[in-house]
>>> print(open('entry00.cif').read())   # mmCIF, C-alpha atoms
data_target
#
loop_
_atom_site.label_atom_id
_atom_site.label_comp_id
_atom_site.auth_asym_id
_atom_site.auth_seq_id
_atom_site.Cartn_x
_atom_site.Cartn_y
_atom_site.Cartn_z
CA GLN A 1 -19.75 -2.89 18.02
CA ILE A 2 -17.59 0.07 18.97
CA LYS A 3 -14.51 0.59 16.85
CA THR A 4 -11.39 0.84 18.97
CA SER A 5 -9.18 2.42 16.32
CA TRP A 6 -9.25 4.14 12.96
CA ALA A 7 -7.26 1.11 11.75
CA ASP A 8 -10.38 -1.02 12.03
CA THR A 9 -11.85 0.78 9.04
CA MET A 10 -8.97 0.78 6.58
CA ILE A 11 -7.79 -0.92 3.43
CA ILE A 12 -4.06 -1.03 2.73
CA LEU A 13 -2.80 -1.19 -0.86
CA LEU A 14 0.84 -2.19 -1.23
CA ASP A 15 3.01 -2.03 -4.31
CA LEU A 16 5.08 -5.20 -4.62
CA ASN A 17 8.45 -4.63 -6.29
CA GLY A 18 10.45 -1.75 -4.89
CA THR A 19 8.12 -1.33 -1.93
CA ILE A 20 7.64 -4.56 0.03
CA ALA A 21 10.17 -6.52 -2.04
CA THR A 22 13.59 -5.87 -3.51
CA ASP A 23 14.80 -8.02 -6.39
CA GLY A 24 11.75 -10.26 -5.91
CA LYS A 25 12.43 -10.97 -2.21
CA ILE A 26 10.15 -9.75 0.58
CA LYS A 27 12.02 -7.39 2.87
CA GLU A 28 12.82 -8.62 6.35
CA GLY A 29 10.18 -7.68 8.93
CA VAL A 30 7.35 -7.14 6.44
CA LYS A 31 5.68 -10.53 6.97
CA GLU A 32 5.50 -10.06 10.74
CA ARG A 33 4.09 -6.54 10.50
CA LEU A 34 1.49 -7.54 7.91
CA ALA A 35 0.39 -10.45 10.12
CA ILE A 36 -0.55 -7.91 12.81
CA LEU A 37 -2.08 -5.38 10.41
CA LYS A 38 -4.26 -7.94 8.61
CA GLU A 39 -6.20 -8.43 11.83
CA LYS A 40 -7.22 -4.76 11.62
CA ALA A 41 -7.38 -4.11 7.89
CA GLU A 42 -7.91 -5.61 4.46
CA ILE A 43 -4.54 -5.80 2.73
CA TYR A 44 -3.94 -6.03 -1.01
CA ILE A 45 -0.69 -6.33 -2.93
CA LEU A 46 -0.89 -4.69 -6.35
CA SER A 47 1.47 -5.85 -9.08
CA ALA A 48 1.72 -6.25 -12.83
CA ASP A 49 3.24 -9.60 -11.83
CA THR A 50 6.16 -9.28 -14.22
CA PHE A 51 8.02 -12.14 -12.51
CA GLY A 52 4.94 -14.33 -11.97
CA THR A 53 5.36 -14.33 -8.19
CA LEU A 54 2.31 -12.33 -7.05
CA ASN A 55 0.15 -15.30 -6.00
CA ASP A 56 2.98 -17.06 -4.18
CA ILE A 57 3.94 -13.90 -2.30
CA ALA A 58 0.33 -13.01 -1.45
CA ASN A 59 -0.27 -16.55 -0.17
CA ASP A 60 2.94 -16.51 1.86
CA LEU A 61 1.94 -13.19 3.45
CA ASN A 62 -1.69 -14.33 3.80
CA VAL A 63 -3.03 -11.22 2.06
CA LYS A 64 -4.89 -10.63 -1.20
CA GLY A 65 -2.97 -10.24 -4.44
CA MET A 66 -4.40 -8.14 -7.27
CA LYS A 67 -2.89 -8.29 -10.72
CA VAL A 68 -2.76 -4.88 -12.35
CA ASP A 69 -4.03 -5.01 -15.94
CA ARG A 70 -1.89 -2.43 -17.68
CA GLU A 71 -3.01 -3.55 -21.14
CA LYS A 72 -6.66 -2.78 -20.35
CA TYR A 73 -5.93 0.79 -19.24
CA GLY A 74 -2.83 1.62 -21.28
CA SER A 75 -0.55 1.95 -18.28
CA GLU A 76 0.09 0.45 -14.88
CA LYS A 77 -0.36 3.91 -13.31
CA ILE A 78 -3.94 4.22 -14.60
CA ALA A 79 -4.72 0.58 -13.80
CA LYS A 80 -3.72 1.10 -10.15
CA LEU A 81 -5.85 4.23 -10.00
CA LYS A 82 -8.84 2.27 -11.34
CA ILE A 83 -8.37 -0.39 -8.64
CA LEU A 84 -8.33 2.36 -6.00
CA GLU A 85 -11.47 3.97 -7.42
CA GLU A 86 -13.31 0.64 -7.48
CA LEU A 87 -12.33 -0.16 -3.88
CA LYS A 88 -13.50 3.31 -2.78
CA LYS A 89 -16.84 2.72 -4.50
CA LEU A 90 -17.27 -0.72 -2.89
CA ASN A 91 -16.10 0.46 0.55
CA PRO A 92 -17.29 4.05 1.07
CA ASP A 93 -16.87 3.87 4.86
CA LYS A 94 -13.26 2.71 4.77
CA LYS A 95 -10.10 4.78 4.49
CA ILE A 96 -7.65 3.57 1.88
CA ILE A 97 -3.95 3.80 2.55
CA ALA A 98 -1.61 3.26 -0.39
CA ILE A 99 2.11 2.57 -0.10
CA GLY A 100 4.45 2.63 -3.09
CA ASN A 101 7.55 4.19 -4.60
CA GLY A 102 7.55 4.19 -8.37
CA ASN A 103 6.24 6.24 -11.25
CA ASN A 104 3.39 3.74 -11.55
CA ASP A 105 2.33 4.51 -7.96
CA GLU A 106 2.05 8.29 -8.35
CA LEU A 107 -1.73 8.51 -8.98
CA LEU A 108 -2.47 5.75 -6.48
CA LEU A 109 -0.72 7.61 -3.66
CA LYS A 110 -2.11 10.99 -4.71
CA ASN A 111 -5.73 9.76 -4.69
CA ALA A 112 -5.65 7.46 -1.65
CA ASP A 113 -6.92 8.79 1.67
CA LEU A 114 -3.32 8.51 2.84
CA GLY A 115 -0.43 8.00 0.44
CA ILE A 116 2.92 6.87 1.81
CA CYS A 117 5.98 6.87 -0.42
CA VAL A 118 8.80 4.48 0.45
CA ILE A 119 12.24 5.47 -0.80
CA GLY A 120 13.81 2.06 -0.12
CA ASP A 121 16.66 0.37 -1.96
CA GLU A 122 15.36 1.34 -5.41
CA GLY A 123 14.78 4.98 -4.60
CA ALA A 124 11.52 6.73 -5.42
CA TRP A 125 10.10 8.62 -8.39
CA SER A 126 10.25 12.34 -7.59
CA LYS A 127 6.66 13.01 -8.69
CA THR A 128 5.48 10.13 -6.51
CA ILE A 129 7.27 11.68 -3.54
CA LEU A 130 5.53 15.00 -4.25
CA SER A 131 2.13 13.26 -4.63
CA SER A 132 2.45 11.52 -1.26
CA ASP A 133 1.22 12.62 2.15
CA ILE A 134 4.17 10.99 3.95
CA VAL A 135 7.62 9.88 2.79
CA VAL A 136 9.59 7.21 4.68
CA LYS A 137 12.94 5.56 4.11
CA ASP A 138 11.80 1.93 4.38
CA ILE A 139 8.63 -0.18 4.10
CA ASN A 140 8.92 -1.21 7.74
CA ASP A 141 8.83 2.46 8.75
CA ALA A 142 5.59 2.85 6.78
CA LEU A 143 4.03 -0.24 8.35
CA ASP A 144 5.19 0.86 11.82
CA LEU A 145 3.32 4.15 11.34
CA LEU A 146 0.14 2.13 10.80
CA LEU A 147 0.85 -0.10 13.77
CA ASN A 148 1.59 2.81 16.08
CA GLU A 149 -1.28 5.23 15.72
CA ASN A 150 0.42 7.90 17.83
CA ARG A 151 3.39 8.08 15.43
CA LEU A 152 1.03 8.48 12.51
CA LYS A 153 -0.98 11.18 14.30
CA ALA A 154 2.23 13.03 15.16
CA THR A 155 3.29 12.96 11.51
CA ILE A 156 0.04 14.20 9.98
CA ARG A 157 -1.27 16.66 12.57
CA ASP A 158 -1.24 20.34 11.77
#
>>> encode(input="entry00.cif", output="structure tokens")
Amino acid sequence: QIKTSWADTMIILLDLNGTIATDGKIKEGVKERLAILKEKAEIYILSADTFGTLNDIANDLNVKGMKVDREKYGSEKIAKLKILEELKKLNPDKKIIAIGNGNNDELLLKNADLGICVIGDEGAWSKTILSSDIVVKDINDALDLLLNENRLKATIRD
């Protein structure tokens, strides 16, 4: 089978709170965009699940939820990095795109094949911004880049 797009070979890792949700509520437009993207990519939501909503949100969005085990690794930042490393090992032919905003997303975005920092309503950690390949103002802008390959190419070309 011939691949029609680079998107056919990607995994998308999304931070939950501050990135796709504000105050525990999924941002408007995210569900619709993810419904289109999940036909092209594996999508995971990463969260420490502080509010106990990860499974409900993942089910509602019809994507995979992954609880981040910060106790095992000493910090959420390292735990997210370990998830990324494991997914890279299990999927060597896939590109991994990570989208986040907080301090705990810094290493994830830095080590992903493409790291996108979302400033959003909560703002973004300055070191996470500097560790990212792309910075956008809103999660829907990040997802639109993935849905519109030409926008993404225009942003990252040299």
>>> closest_residue(input="entry00.cif", among="A:Asp56, A:Lys88, A:Thr19, A:Ala98", to="Leu146 in chain A", atoms="all atoms listed in the file")
A:Ala98
>>> resolve_selection(input="entry00.cif", expression="the PyMOL selection byres ((chain A and resi 118) around 12)", output="number ranges by chain")
A: 14-21, 98-102, 105-106, 109, 115-117, 119-126, 128-130, 132-143
>>> closest_residue(input="entry00.cif", among="A:Ile83, A:Met66, A:Ile156, A:Leu108", to="Tyr44 in chain A", atoms="only C-alpha atoms")
A:Met66
>>> atom_distance(input="entry00.cif", atom1="CA of Arg151 in chain A", atom2="CA of Asn111 in chain A")
22.2 Å
>>> atom_distance(input="entry00.cif", atom1="CA of Gly74 in chain A", atom2="CA of Thr53 in chain A")
22.2 Å
>>> closest_residue(input="entry00.cif", among="A:Glu76, A:Leu145, A:Lys127, A:Leu61", to="Asn104 in chain A", atoms="only C-alpha atoms")
A:Glu76
>>> atom_distance(input="entry00.cif", atom1="CA of Lys110 in chain A", atom2="CA of Asp60 in chain A")
28.7 Å
>>> closest_residue(input="entry00.cif", among="A:Lys38, A:Lys82, A:Arg70, A:Lys25", to="Leu107 in chain A", atoms="all atoms listed in the file")
A:Lys82
>>> closest_residue(input="entry00.cif", among="A:Val63, A:Leu13, A:Leu46, A:Leu37", to="Ala79 in chain A", atoms="all atoms listed in the file")
A:Leu46
>>> axis_aligned_box(input="entry00.cif", around="range 88-92 of chain A", padding_each_side="4 Å", output="lines of an AutoDock Vina configuration file")
center_x = -15.4
center_y = 1.7
center_z = -1.7
size_x = 11.8
size_y = 12.8
size_z = 13.6
>>> closest_residue(input="entry00.cif", among="A:Leu34, A:Ala112, A:Leu152, A:Ala48", to="Ile96 in chain A", atoms="all atoms listed in the file")
A:Ala112
>>> build_atoms(input="entry00.cif", residues="range 59-80 of chain A", atoms="N, CA, C and O atoms", output="mmCIF file, in the coordinates of the input")
data_model
loop_
_atom_site.group_PDB
_atom_site.id
_atom_site.type_symbol
_atom_site.label_atom_id
_atom_site.label_comp_id
_atom_site.auth_asym_id
_atom_site.auth_seq_id
_atom_site.Cartn_x
_atom_site.Cartn_y
_atom_site.Cartn_z
ATOM 1 N N ASN A 59 0.051 -15.383 -1.007
ATOM 2 C CA ASN A 59 -0.270 -16.550 -0.170
ATOM 3 C C ASN A 59 0.673 -16.655 1.015
ATOM 4 O O ASN A 59 0.240 -16.945 2.131
ATOM 5 N N ASP A 60 1.963 -16.435 0.771
ATOM 6 C CA ASP A 60 2.940 -16.510 1.860
ATOM 7 C C ASP A 60 2.665 -15.457 2.934
ATOM 8 O O ASP A 60 2.821 -15.723 4.127
ATOM 9 N N LEU A 61 2.237 -14.271 2.502
ATOM 10 C CA LEU A 61 1.940 -13.190 3.450
ATOM 11 C C LEU A 61 0.513 -13.261 3.984
ATOM 12 O O LEU A 61 0.134 -12.478 4.852
ATOM 13 N N ASN A 62 -0.289 -14.160 3.414
ATOM 14 C CA ASN A 62 -1.690 -14.330 3.800
ATOM 15 C C ASN A 62 -2.505 -13.049 3.606
ATOM 16 O O ASN A 62 -3.270 -12.637 4.479
ATOM 17 N N VAL A 63 -2.281 -12.410 2.456
ATOM 18 C CA VAL A 63 -3.030 -11.220 2.060
ATOM 19 C C VAL A 63 -3.558 -11.449 0.647
ATOM 20 O O VAL A 63 -3.263 -12.472 0.021
ATOM 21 N N LYS A 64 -4.318 -10.490 0.134
ATOM 22 C CA LYS A 64 -4.890 -10.630 -1.200
ATOM 23 C C LYS A 64 -3.952 -10.035 -2.250
ATOM 24 O O LYS A 64 -3.422 -8.945 -2.062
ATOM 25 N N GLY A 65 -3.757 -10.751 -3.330
ATOM 26 C CA GLY A 65 -2.970 -10.240 -4.440
ATOM 27 C C GLY A 65 -3.898 -9.787 -5.557
ATOM 28 O O GLY A 65 -4.874 -10.457 -5.857
ATOM 29 N N MET A 66 -3.599 -8.640 -6.148
ATOM 30 C CA MET A 66 -4.400 -8.140 -7.270
ATOM 31 C C MET A 66 -3.466 -7.834 -8.436
ATOM 32 O O MET A 66 -2.582 -6.986 -8.316
ATOM 33 N N LYS A 67 -3.691 -8.541 -9.527
ATOM 34 C CA LYS A 67 -2.890 -8.290 -10.720
ATOM 35 C C LYS A 67 -3.387 -7.013 -11.396
ATOM 36 O O LYS A 67 -4.585 -6.835 -11.609
ATOM 37 N N VAL A 68 -2.459 -6.150 -11.705
ATOM 38 C CA VAL A 68 -2.760 -4.880 -12.350
ATOM 39 C C VAL A 68 -2.759 -5.103 -13.859
ATOM 40 O O VAL A 68 -1.776 -5.584 -14.419
ATOM 41 N N ASP A 69 -3.871 -4.772 -14.503
ATOM 42 C CA ASP A 69 -4.030 -5.010 -15.940
ATOM 43 C C ASP A 69 -3.646 -3.759 -16.726
ATOM 44 O O ASP A 69 -4.480 -2.937 -17.074
ATOM 45 N N ARG A 70 -2.357 -3.635 -16.990
ATOM 46 C CA ARG A 70 -1.890 -2.430 -17.680
ATOM 47 C C ARG A 70 -2.331 -2.372 -19.129
ATOM 48 O O ARG A 70 -2.484 -1.294 -19.693
ATOM 49 N N GLU A 71 -2.556 -3.544 -19.747
ATOM 50 C CA GLU A 71 -3.010 -3.550 -21.140
ATOM 51 C C GLU A 71 -4.413 -2.945 -21.265
ATOM 52 O O GLU A 71 -4.702 -2.212 -22.193
ATOM 53 N N LYS A 72 -5.272 -3.255 -20.314
ATOM 54 C CA LYS A 72 -6.660 -2.780 -20.350
ATOM 55 C C LYS A 72 -6.736 -1.257 -20.277
ATOM 56 O O LYS A 72 -7.569 -0.637 -20.926
ATOM 57 N N TYR A 73 -5.850 -0.653 -19.477
ATOM 58 C CA TYR A 73 -5.930 0.790 -19.240
ATOM 59 C C TYR A 73 -4.813 1.585 -19.904
ATOM 60 O O TYR A 73 -4.765 2.801 -19.781
ATOM 61 N N GLY A 74 -3.897 0.913 -20.574
ATOM 62 C CA GLY A 74 -2.830 1.620 -21.280
ATOM 63 C C GLY A 74 -1.590 1.864 -20.444
ATOM 64 O O GLY A 74 -0.540 2.170 -20.987
ATOM 65 N N SER A 75 -1.715 1.791 -19.136
ATOM 66 C CA SER A 75 -0.550 1.950 -18.280
ATOM 67 C C SER A 75 -0.838 1.358 -16.900
ATOM 68 O O SER A 75 -1.998 1.256 -16.482
ATOM 69 N N GLU A 76 0.225 0.987 -16.224
ATOM 70 C CA GLU A 76 0.090 0.450 -14.880
ATOM 71 C C GLU A 76 -0.400 1.538 -13.911
ATOM 72 O O GLU A 76 -1.158 1.279 -12.985
ATOM 73 N N LYS A 77 0.029 2.770 -14.158
ATOM 74 C CA LYS A 77 -0.360 3.910 -13.310
ATOM 75 C C LYS A 77 -1.881 4.090 -13.310
ATOM 76 O O LYS A 77 -2.496 4.227 -12.251
ATOM 77 N N ILE A 78 -2.484 4.060 -14.483
ATOM 78 C CA ILE A 78 -3.940 4.220 -14.600
ATOM 79 C C ILE A 78 -4.651 2.985 -14.049
ATOM 80 O O ILE A 78 -5.679 3.097 -13.380
ATOM 81 N N ALA A 79 -4.104 1.809 -14.302
ATOM 82 C CA ALA A 79 -4.720 0.580 -13.800
ATOM 83 C C ALA A 79 -4.781 0.576 -12.274
ATOM 84 O O ALA A 79 -5.794 0.190 -11.677
ATOM 85 N N LYS A 80 -3.715 1.025 -11.610
ATOM 86 C CA LYS A 80 -3.720 1.100 -10.150
ATOM 87 C C LYS A 80 -4.744 2.110 -9.655
ATOM 88 O O LYS A 80 -5.440 1.883 -8.665
#
